[in-house]
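With mmCIF, C-alpha atoms inside, this is start.cif:
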data_structure
#
loop_
_atom_site.label_atom_id
_atom_site.label_comp_id
_atom_site.auth_asym_id
_atom_site.auth_seq_id
_atom_site.Cartn_x
_atom_site.Cartn_y
_atom_site.Cartn_z
CA MET A 29 85.80 147.08 26.35
CA ASP A 30 85.43 148.80 29.72
CA LYS A 31 81.68 148.33 29.44
CA LEU A 32 82.17 144.59 28.97
CA ILE A 33 84.28 144.45 32.12
CA ILE A 34 81.74 146.44 34.15
CA LYS A 35 78.92 144.13 32.99
CA ALA A 36 80.95 140.98 33.64
CA ARG A 37 81.94 142.22 37.09
CA ALA A 38 78.31 142.96 38.01
CA ILE A 39 77.23 139.48 36.91
CA THR A 40 80.07 137.85 38.82
CA LEU A 41 79.21 139.77 41.99
CA LYS A 42 75.59 138.69 41.69
CA GLU A 43 76.48 135.06 40.97
CA LEU A 44 79.36 134.53 43.41
CA GLY A 45 78.40 136.86 46.24
CA ASP A 46 80.98 138.25 48.63
CA ASP A 47 82.38 135.03 50.04
CA THR A 48 85.98 135.81 50.95
CA PHE A 49 87.41 132.58 49.66
CA TYR A 50 85.32 131.68 46.63
CA GLY A 51 83.22 134.77 45.91
CA MET A 52 83.90 138.16 44.38
CA PRO A 53 86.95 138.86 46.58
CA TYR A 54 88.50 135.70 45.12
CA ALA A 55 87.82 136.85 41.54
CA GLU A 56 89.29 140.26 42.41
CA ARG A 57 92.44 138.67 43.82
CA ILE A 58 92.96 136.66 40.65
CA LYS A 59 92.32 139.73 38.52
CA GLU A 60 94.86 141.80 40.45
CA LYS A 61 97.50 139.10 40.22
CA ALA A 62 96.85 138.61 36.49
CA ILE A 63 97.06 142.33 35.81
CA PHE A 64 100.28 142.61 37.83
CA ILE A 65 101.90 139.76 35.89
CA SER A 66 100.59 141.17 32.59
CA ASP A 67 102.38 144.45 33.10
CA LYS A 68 105.18 144.88 30.56
CA LEU A 69 104.52 141.42 29.06
CA GLY A 70 102.37 142.87 26.30
CA ALA A 71 99.26 140.90 27.19
CA GLN A 72 95.73 141.82 26.30
CA LYS A 73 94.48 142.92 29.73
CA THR A 74 90.80 142.91 28.79
CA ALA A 75 90.94 139.18 28.07
CA VAL A 76 92.66 138.29 31.36
CA THR A 77 90.38 140.62 33.34
CA LEU A 78 87.24 139.08 31.86
CA ALA A 79 88.65 135.59 32.41
CA ALA A 80 89.36 136.48 36.05
CA TYR A 81 85.81 137.64 36.65
CA LEU A 82 84.13 134.81 34.80
CA HIS A 83 86.36 131.80 35.44
CA ALA A 84 84.75 130.91 38.78
CA LEU A 85 81.09 131.19 37.87
CA SER A 86 80.37 127.57 38.64
CA LYS A 87 82.10 127.77 41.99
CA ASN A 88 79.62 127.45 44.76
CA GLU A 89 81.61 127.52 47.99
CA ARG A 90 83.91 124.94 46.43
CA PRO A 91 85.93 124.56 43.25
CA THR A 92 84.37 122.81 40.31
CA SER A 93 85.66 122.08 36.84
CA SER A 94 86.96 124.87 34.66
CA ILE A 95 85.09 123.28 31.75
CA GLU A 96 81.81 123.90 33.56
CA SER A 97 82.91 127.43 34.39
CA SER A 98 83.87 128.09 30.79
CA ASP A 99 80.41 127.02 29.62
CA LYS A 100 78.79 129.50 31.99
CA ALA A 101 81.31 132.18 31.06
CA SER A 102 80.50 131.64 27.39
CA ILE A 103 76.80 132.22 28.02
CA VAL A 104 77.54 135.40 29.99
CA LEU A 105 79.92 136.71 27.34
CA LYS A 106 77.31 136.22 24.62
CA LYS A 107 74.71 137.94 26.79
CA ILE A 108 76.86 141.02 27.35
CA GLY A 109 77.73 141.34 23.67
CA CYS A 110 81.35 140.21 23.72
CA PRO A 111 82.92 139.89 20.25
CA GLU A 112 83.15 136.26 19.10
CA SER A 113 86.96 136.16 18.80
CA LEU A 114 87.41 137.57 22.31
CA ARG A 115 84.83 135.14 23.72
CA ILE A 116 86.68 132.16 22.23
CA GLN A 117 89.99 133.51 23.56
CA ILE A 118 88.55 133.86 27.08
CA ILE A 119 86.99 130.40 27.07
CA LYS A 120 90.35 128.91 26.12
CA ILE A 121 92.10 130.90 28.86
CA ILE A 122 89.64 129.56 31.44
CA ILE A 123 89.85 125.94 30.29
CA LEU A 124 93.66 125.94 30.21
CA SER A 125 93.89 127.56 33.63
CA ASP A 126 93.39 124.08 35.06
CA SER A 127 96.32 121.80 34.31
CA LYS A 128 93.95 118.81 34.43
CA ASN A 129 92.75 119.93 31.02
CA TRP A 130 96.22 119.90 29.51
CA ASP A 131 97.50 117.25 27.15
CA THR A 132 100.27 117.14 24.58
CA SER A 133 98.33 119.31 22.14
CA LYS A 134 96.48 121.47 24.63
CA ARG A 135 98.65 123.58 26.90
CA PRO A 136 98.75 127.30 27.55
CA LYS A 137 100.46 128.84 24.50
CA SER A 138 99.39 132.46 24.30
CA ILE A 139 100.78 135.01 26.72
CA GLU A 140 97.29 135.56 28.17
CA GLU A 141 96.76 131.83 28.80
CA LYS A 142 100.11 131.59 30.58
CA ILE A 143 99.52 134.74 32.64
CA PHE A 144 96.11 133.61 33.77
CA TYR A 145 97.43 130.17 34.72
CA ASP A 146 100.20 131.80 36.76
CA ALA A 147 97.70 134.12 38.48
CA LYS A 148 95.59 131.18 39.60
CA VAL A 149 98.61 129.22 40.80
CA SER A 150 99.70 132.30 42.78
CA GLU A 151 96.49 132.05 44.77
CA ASP A 152 97.19 128.36 45.42
CA ILE A 153 100.67 129.16 46.72
CA SER A 154 99.53 131.58 49.42
CA SER A 155 98.26 131.37 52.96
CA ILE A 156 94.70 131.62 51.63
CA GLY A 157 95.42 128.94 49.04
CA ILE A 158 96.74 126.60 51.71
CA LEU A 159 93.64 127.07 53.84
CA LYS A 160 91.44 126.33 50.83
CA HIS A 161 93.54 123.31 49.93
CA LEU A 162 93.24 122.01 53.49
CA MET A 163 89.46 122.19 53.20
CA GLN A 164 89.47 120.34 49.89
CA LEU A 165 91.70 117.59 51.25
CA LYS A 166 89.42 117.22 54.24
CA GLU A 167 86.40 116.96 51.94
CA GLN A 168 88.18 114.11 50.14
CA ASN A 169 88.23 112.31 53.48
CA LEU A 170 92.00 112.26 53.46
CA LYS A 171 93.29 111.32 56.90
CA ASN A 172 95.05 114.17 58.66
CA SER A 173 98.25 112.16 58.67
CA GLY A 174 98.48 112.61 54.91
CA LEU A 175 97.53 116.28 54.80
CA ILE A 176 100.96 117.80 55.19
CA ASP A 177 102.64 115.50 52.66
CA SER A 178 99.87 116.27 50.24
CA ILE A 179 100.26 120.01 50.77
CA ASP A 180 104.02 119.70 50.33
CA ASP A 181 103.60 117.90 46.98
CA PHE A 182 100.90 120.36 45.92
CA ILE A 183 103.08 123.43 46.57
CA LYS A 184 106.15 122.00 44.84
CA GLU A 185 104.17 120.86 41.80
CA LYS A 186 102.37 124.19 41.46
CA TYR A 187 105.53 126.27 41.90
CA GLY A 188 107.35 124.14 39.33
CA SER A 189 104.59 124.69 36.79
CA LEU A 190 104.75 128.51 36.78
CA PHE A 191 105.57 130.10 33.43
CA PHE A 192 107.09 133.46 34.40
CA GLU A 193 110.01 134.50 36.60
CA LYS A 194 107.95 137.60 37.33
CA THR A 195 105.30 135.43 39.00
CA LYS A 196 107.95 133.67 41.05
CA ASN A 197 109.28 137.04 42.20
CA MET A 198 105.76 138.25 42.98
CA ILE A 199 105.00 135.27 45.22
CA GLU A 200 108.45 134.86 46.73
CA TYR A 201 107.30 135.72 50.26
CA ASP A 202 104.14 133.60 49.98
CA TYR A 203 106.15 130.65 48.69
CA ARG A 204 108.57 130.89 51.59
CA LEU A 205 105.67 131.20 54.03
CA VAL A 206 103.79 128.14 52.76
CA SER A 207 107.04 126.15 52.59
CA GLU A 208 107.65 127.17 56.20
CA PHE A 209 104.11 125.98 56.96
CA VAL A 210 105.04 122.49 55.76
CA ASN A 211 108.39 122.51 57.58
CA ASN A 212 106.75 123.77 60.76
CA ALA A 213 104.07 121.08 60.60
CA LYS A 214 106.62 118.33 59.95
CA LYS A 215 108.65 119.53 62.90
CA GLN A 216 105.60 119.42 65.15
CA GLY A 217 104.76 115.85 64.29
CA ASP A 218 104.51 113.44 61.44
CA VAL A 219 100.81 113.17 61.92
CA LEU A 220 98.31 115.88 62.69
CA MET B 27 100.65 102.54 85.10
CA GLU B 28 101.23 104.95 82.20
CA SER B 29 101.60 102.07 79.74
CA VAL B 30 98.24 100.60 80.81
CA ILE B 31 96.47 103.92 80.30
CA ALA B 32 98.37 104.61 77.07
CA SER B 33 97.34 101.27 75.68
CA TYR B 34 93.72 101.80 76.73
CA VAL B 35 93.58 105.26 75.12
CA THR B 36 95.30 104.09 71.93
CA ASN B 37 92.67 101.40 71.51
CA ALA B 38 89.78 103.63 72.51
CA LEU B 39 90.77 106.35 70.02
CA ALA B 40 91.73 103.98 67.20
CA GLU B 41 88.78 105.21 65.15
CA GLN B 42 89.76 108.83 65.80
CA PRO B 43 93.32 109.07 64.43
CA ASP B 44 93.40 112.87 64.55
CA ILE B 45 92.47 112.96 68.23
CA LEU B 46 94.92 110.17 68.99
CA ALA B 47 97.72 112.01 67.19
CA HIS B 48 96.84 115.17 69.15
CA THR B 49 96.85 113.16 72.39
CA ASN B 50 100.29 111.75 71.57
CA ARG B 51 101.67 115.24 70.99
CA VAL B 52 100.12 116.52 74.23
CA VAL B 53 101.69 113.58 76.10
CA ASN B 54 105.08 114.43 74.59
CA TYR B 55 104.75 118.13 75.42
CA CYS B 56 103.77 117.19 78.99
CA LYS B 57 106.87 114.99 79.30
CA ILE B 58 109.14 117.79 78.05
CA ILE B 59 107.61 120.51 80.25
CA GLY B 60 107.06 118.18 83.21
CA LYS B 61 110.78 117.41 83.42
CA THR B 62 111.51 121.06 84.13
CA GLU B 63 108.83 121.61 86.81
CA LYS B 64 107.92 120.13 90.18
CA VAL B 65 105.19 117.69 89.26
CA ASN B 66 103.83 114.25 89.99
CA MET B 67 104.72 112.71 86.63
CA ASP B 68 102.25 109.81 87.07
CA ILE B 69 99.33 112.20 87.56
CA LEU B 70 100.49 114.35 84.65
CA MET B 71 100.86 111.43 82.25
CA MET B 72 97.50 109.90 83.14
CA SER B 73 95.90 113.31 82.71
CA ALA B 74 97.59 113.83 79.35
CA TRP B 75 96.58 110.44 77.97
CA LEU B 76 92.96 110.80 79.11
CA HIS B 77 92.41 114.52 78.51
CA ASP B 78 90.33 114.08 75.33
CA ILE B 79 88.98 110.59 76.01
CA CYS B 80 85.36 111.70 75.59
CA TRP B 81 85.86 111.67 71.80
CA SER B 82 86.24 107.88 71.98
CA ASN B 83 82.48 107.81 72.49
CA GLN B 84 81.27 107.96 68.90
CA GLU B 85 77.76 108.83 70.02
CA ILE B 86 78.85 112.00 71.72
CA ASN B 87 77.39 115.10 70.14
CA PRO B 88 79.84 118.03 70.05
CA GLU B 89 76.84 120.40 69.86
CA THR B 90 75.22 119.23 73.06
CA ILE B 91 78.00 118.28 75.47
CA LYS B 92 78.70 120.88 78.12
CA THR B 93 82.42 120.95 77.49
CA HIS B 94 84.62 118.18 76.20
CA ALA B 95 86.99 118.81 79.14
CA GLN B 96 84.27 118.09 81.69
CA GLU B 97 82.97 115.14 79.71
CA SER B 98 86.49 113.69 79.47
CA SER B 99 87.03 114.31 83.18
CA ILE B 100 83.92 112.26 84.03
CA MET B 101 84.98 109.43 81.71
CA ALA B 102 88.55 109.47 83.06
CA LYS B 103 87.21 109.20 86.59
CA GLU B 104 85.18 106.12 85.66
CA ILE B 105 88.14 104.51 83.89
CA LEU B 106 90.54 105.12 86.79
CA GLU B 107 88.02 103.87 89.35
CA LYS B 108 87.57 100.67 87.35
CA ILE B 109 91.29 99.95 87.60
CA ASN B 110 91.22 100.68 91.34
CA MET B 111 93.27 103.85 91.40
CA SER B 112 93.19 105.67 94.75
CA ASP B 113 90.65 108.40 95.34
CA ASN B 114 93.49 110.92 95.55
CA VAL B 115 94.82 110.01 92.11
CA VAL B 116 91.35 109.91 90.57
CA GLU B 117 90.58 113.35 91.97
CA LYS B 118 93.85 114.93 90.80
CA VAL B 119 93.68 113.47 87.27
CA SER B 120 90.01 114.31 86.74
CA SER B 121 90.54 117.86 88.04
CA ALA B 122 93.49 118.42 85.70
CA ILE B 123 91.45 117.16 82.75
CA ALA B 124 88.43 119.27 83.70
CA SER B 125 90.53 122.43 83.64
CA HIS B 126 92.58 121.83 80.49
CA GLU B 127 90.38 124.21 78.49
CA GLN B 128 90.10 126.92 81.13
CA LEU B 129 92.41 127.06 84.12
CA ASN B 130 91.17 127.72 87.66
CA GLU B 131 92.57 130.63 89.62
CA ASN B 132 95.14 128.55 91.49
CA PRO B 133 95.98 125.62 89.28
CA SER B 134 98.25 122.81 90.40
CA ASN B 135 101.42 122.33 88.34
CA GLU B 136 99.85 119.29 86.69
CA MET B 137 96.82 121.35 85.65
CA ARG B 138 99.04 124.15 84.37
CA ILE B 139 101.27 121.86 82.32
CA LEU B 140 98.39 119.92 80.77
CA PHE B 141 96.77 123.25 79.85
CA GLU B 142 99.98 124.50 78.23
CA ALA B 143 100.61 121.22 76.38
CA ASP B 144 97.09 121.17 74.98
CA HIS B 145 97.31 124.82 73.95
CA LEU B 146 100.71 124.32 72.27
CA ASP B 147 98.88 122.12 69.79
CA ARG B 148 96.62 125.02 68.81
CA LEU B 149 99.61 126.98 67.54
CA GLY B 150 101.93 126.72 64.56
CA ALA B 151 101.15 124.94 61.33
CA ILE B 152 99.59 121.98 63.12
CA GLY B 153 97.26 124.31 64.98
CA ILE B 154 96.22 126.00 61.75
CA SER B 155 95.66 122.65 60.03
CA ARG B 156 93.64 121.24 62.92
CA ILE B 157 91.45 124.32 63.25
CA PHE B 158 90.71 124.82 59.56
CA SER B 159 90.22 121.17 58.75
CA THR B 160 87.87 120.78 61.73
CA TYR B 161 85.87 123.98 61.63
CA GLY B 162 86.10 125.08 58.00
CA VAL B 163 87.41 128.29 56.55
CA LYS B 164 84.99 130.87 57.95
CA ALA B 165 84.77 129.50 61.48
CA GLY B 166 88.51 128.75 61.38
CA LEU B 167 89.33 132.38 60.66
CA GLU B 168 87.00 133.48 63.45
CA ILE B 169 88.62 131.10 65.95
CA ILE B 170 92.18 132.06 65.04
CA ASN B 171 91.53 135.80 64.88
CA LYS B 172 89.31 136.12 67.95
CA ARG B 173 90.12 133.23 70.25
CA ILE B 174 93.77 132.42 69.63
CA LEU B 175 95.79 135.40 68.38
CA PRO B 176 94.71 137.83 71.13
CA PHE B 177 95.34 135.38 73.97
CA MET B 178 98.03 132.93 72.94
CA GLU B 179 100.91 134.73 74.64
CA THR B 180 99.09 134.65 77.98
CA TRP B 181 98.69 130.87 77.92
CA PHE B 182 102.28 130.03 78.80
CA VAL B 183 103.71 130.58 82.24
CA THR B 184 106.31 127.82 82.54
CA LYS B 185 109.66 128.65 80.98
CA LYS B 186 109.75 125.46 78.92
CA GLY B 187 106.15 125.92 77.76
CA PHE B 188 106.94 129.43 76.60
CA ASP B 189 110.14 128.26 74.88
CA LEU B 190 108.17 125.63 72.99
CA ALA B 191 105.45 128.15 72.11
CA ARG B 192 107.70 130.97 70.91
CA GLU B 193 108.40 129.68 67.41
CA LYS B 194 104.81 128.50 66.95
CA ILE B 195 103.44 131.88 68.05
CA HIS B 196 105.80 133.62 65.65
CA PHE B 197 104.71 131.41 62.76
CA LEU B 198 101.01 131.76 63.52
CA ASN B 199 101.36 135.55 63.67
CA MET B 200 103.17 135.60 60.32
CA PHE B 201 100.62 133.34 58.68
CA ALA B 202 97.62 135.21 60.05
CA ASP B 203 99.13 138.60 59.12
CA ASN B 204 99.60 137.31 55.60
CA TYR B 205 96.04 136.11 55.01
CA ASN B 206 94.47 139.01 56.90
CA ASP B 207 96.48 141.55 54.87
CA GLU B 208 95.45 139.86 51.65
CA LEU B 209 91.77 139.71 52.62
CA ILE B 210 91.69 143.33 53.82
CA ARG B 211 93.56 144.59 50.75
CA VAL B 212 91.07 143.02 48.35
CA GLN B 213 88.08 144.20 50.40
CA LYS B 214 89.40 147.76 50.24
CA SER B 215 90.04 147.58 46.50
#

As a first step, turn the structure in this file into structure tokens.
Amino acid sequence: MDKLIIKARAITLKELGDDTFYGMPYAERIKEKAIFISDKLGAQKTAVTLAAYLHALSKNERPTSSIESSDKASIVLKKIGCPESLRIQIIKIIILSDSKNWDTSKRPKSIEEKIFYDAKVSEDISSIGILKHLMQLKEQNLKNSGLIDSIDDFIKEKYGSLFFEKTKNMIEYDYRLVSEFVNNAKKQGDVL
Amino acid sequence: MESVIASYVTNALAEQPDILAHTNRVVNYCKIIGKTEKVNMDILMMSAWLHDICWSNQEINPETIKTHAQESSIMAKEILEKINMSDNVVEKVSSAIASHEQLNENPSNEMRILFEADHLDRLGAIGISRIFSTYGVKAGLEIINKRILPFMETWFVTKKGFDLAREKIHFLNMFADNYNDELIRVQKS
């Protein structure tokens, strides 16, 4: 299994490059968070590690759909000789890491799916996540006046969707910091 | 006179809501700081309203203008001359605007307060939002880490300016420490 991880990591590094926000450092951050949350929860760490490395393959300086990423991840996993059952498990983890893909029948159920979702949300609820979110909002041509309200809603929704208390404890400082960001901005003015 | 200028600027920057919102905050900061210092409030208010007026010119190219402070100073001068303001007022307002990015060695109180008010808006959550949403993530980090964090405490000389800046400086330090720690930690690992 270690060989699979080494191969997947090498491919990710080649594909994503070293961009701090969307490249290999991003994949490493998600992996570290996922492994931290996994500890003592009995999760299969190989699956979450491979998902962390491969979930962002379609990201090119900006987020794209997790469906697209899962397609690319599937190709890579086949190429590096990943067992079929593990490949299917990883693809599902990647797809369900985006709540846009959830419906009544499709939601994270396995421990690995929930852990990976929490790891990704942890990145969103951080200073880095806020900076990335700001960029995305700007790309959507949202007027600055709506940015802070949008960030406020985003943080609350994401925090409320976390599965594990352990994740909430892990990001306690980050959550307070980004909440303070919103409060600070509101205090400074209703519009940016 | 302030209401005439305010109305002119509000119309001129109607297509630039972010700049107009920034201008409004700078005007408010100038009012707060100005009350505690010896200043000509008329000069200060006109300077505050007009300090970024160059961005009302949609054809202006941020890449090619010398500095937006100088460009705004020239435009402010033209506007004030058109409404028959005295040479003395025109000179004082345009000088304050010209130096709002970089203060001269012996700034007048109006210059100093406009500088502090404008720089207050580079701090705190609003500062972070403005910088990152304008310049993007990579350039934003560069600006905050190299052009703001090392200097921000030297920008404020007036007591009120420093009081207003304190909380914003504290927040910006906390926020920058947090993302820098995270980025460095992952790079090391």

Counting only C-alpha atoms, select every polymer residue within 10 Å of (104.7, 140.0, 27.0) as defined in the file's coordinates, and provide the selection as a PyMOL selection string.
-> chain A and resi 65-72+138-140+143

One decimal place gives the atom CA of Ile58 of chain B-atom CA of Gly187 of chain B separation as 8.7 Å

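Our summary of the geometry notes that atom CA of Leu167 of chain B is positioned 15.8 Å from atom CA of Asp46 of chain A.
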
Across B:Glu104, B:Glu28, B:Asp68, B:Asp207, the smallest distance to chain A, with all atoms listed in the file counted, is shown by B:Asp207

For chain A, report every residue with an atom at most 10 Å from chain B (counting only C-alpha atoms), formatted as a PyMOL selection string. chain A and resi 46-49+52-57+60+154-167+171-173+175-176+201-202+205-206+208-220

Residues within 12 Å of (78.9, 126.0, 32.3), counting all atoms listed in the file, listed as a ChimeraX atom specification: /A:82-87,92-105,119,122-123

Report task. Given the file shown, determine the residues that the PyMOL selection byres ((chain B and resi 170-180) around 9) selects; report them as a list in words. Result -> His145, Arg148, Leu149, Ile154, Ile157, Ala165, Gly166, Leu167, Glu168, Ile169, Trp181, Phe182, Val183, Phe188, Ala191, Arg192, Ile195, Leu198, Asn199 and Ala202 of chain B

Suppose a student applies the PyMOL selection byres ((chain B and resi 129-138) around 8) to this structure; what residues should they get, written as a short mmCIF file (atom, residue, chain, number, x, y, z; two decimals) with C-alpha atoms, in the frame of the given file?
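To be explicit, this is the file written out as out06.cif:
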data_model
loop_
_atom_site.label_atom_id
_atom_site.label_comp_id
_atom_site.auth_asym_id
_atom_site.auth_seq_id
_atom_site.Cartn_x
_atom_site.Cartn_y
_atom_site.Cartn_z
CA GLU B 63 108.83 121.61 86.81
CA LYS B 64 107.92 120.13 90.18
CA VAL B 65 105.19 117.69 89.26
CA ASN B 66 103.83 114.25 89.99
CA ILE B 69 99.33 112.20 87.56
CA LEU B 70 100.49 114.35 84.65
CA SER B 121 90.54 117.86 88.04
CA ALA B 122 93.49 118.42 85.70
CA ILE B 123 91.45 117.16 82.75
CA SER B 125 90.53 122.43 83.64
CA HIS B 126 92.58 121.83 80.49
CA GLU B 127 90.38 124.21 78.49
CA GLN B 128 90.10 126.92 81.13
CA ILE B 139 101.27 121.86 82.32
CA LEU B 140 98.39 119.92 80.77
CA PHE B 141 96.77 123.25 79.85
CA GLU B 142 99.98 124.50 78.23
#
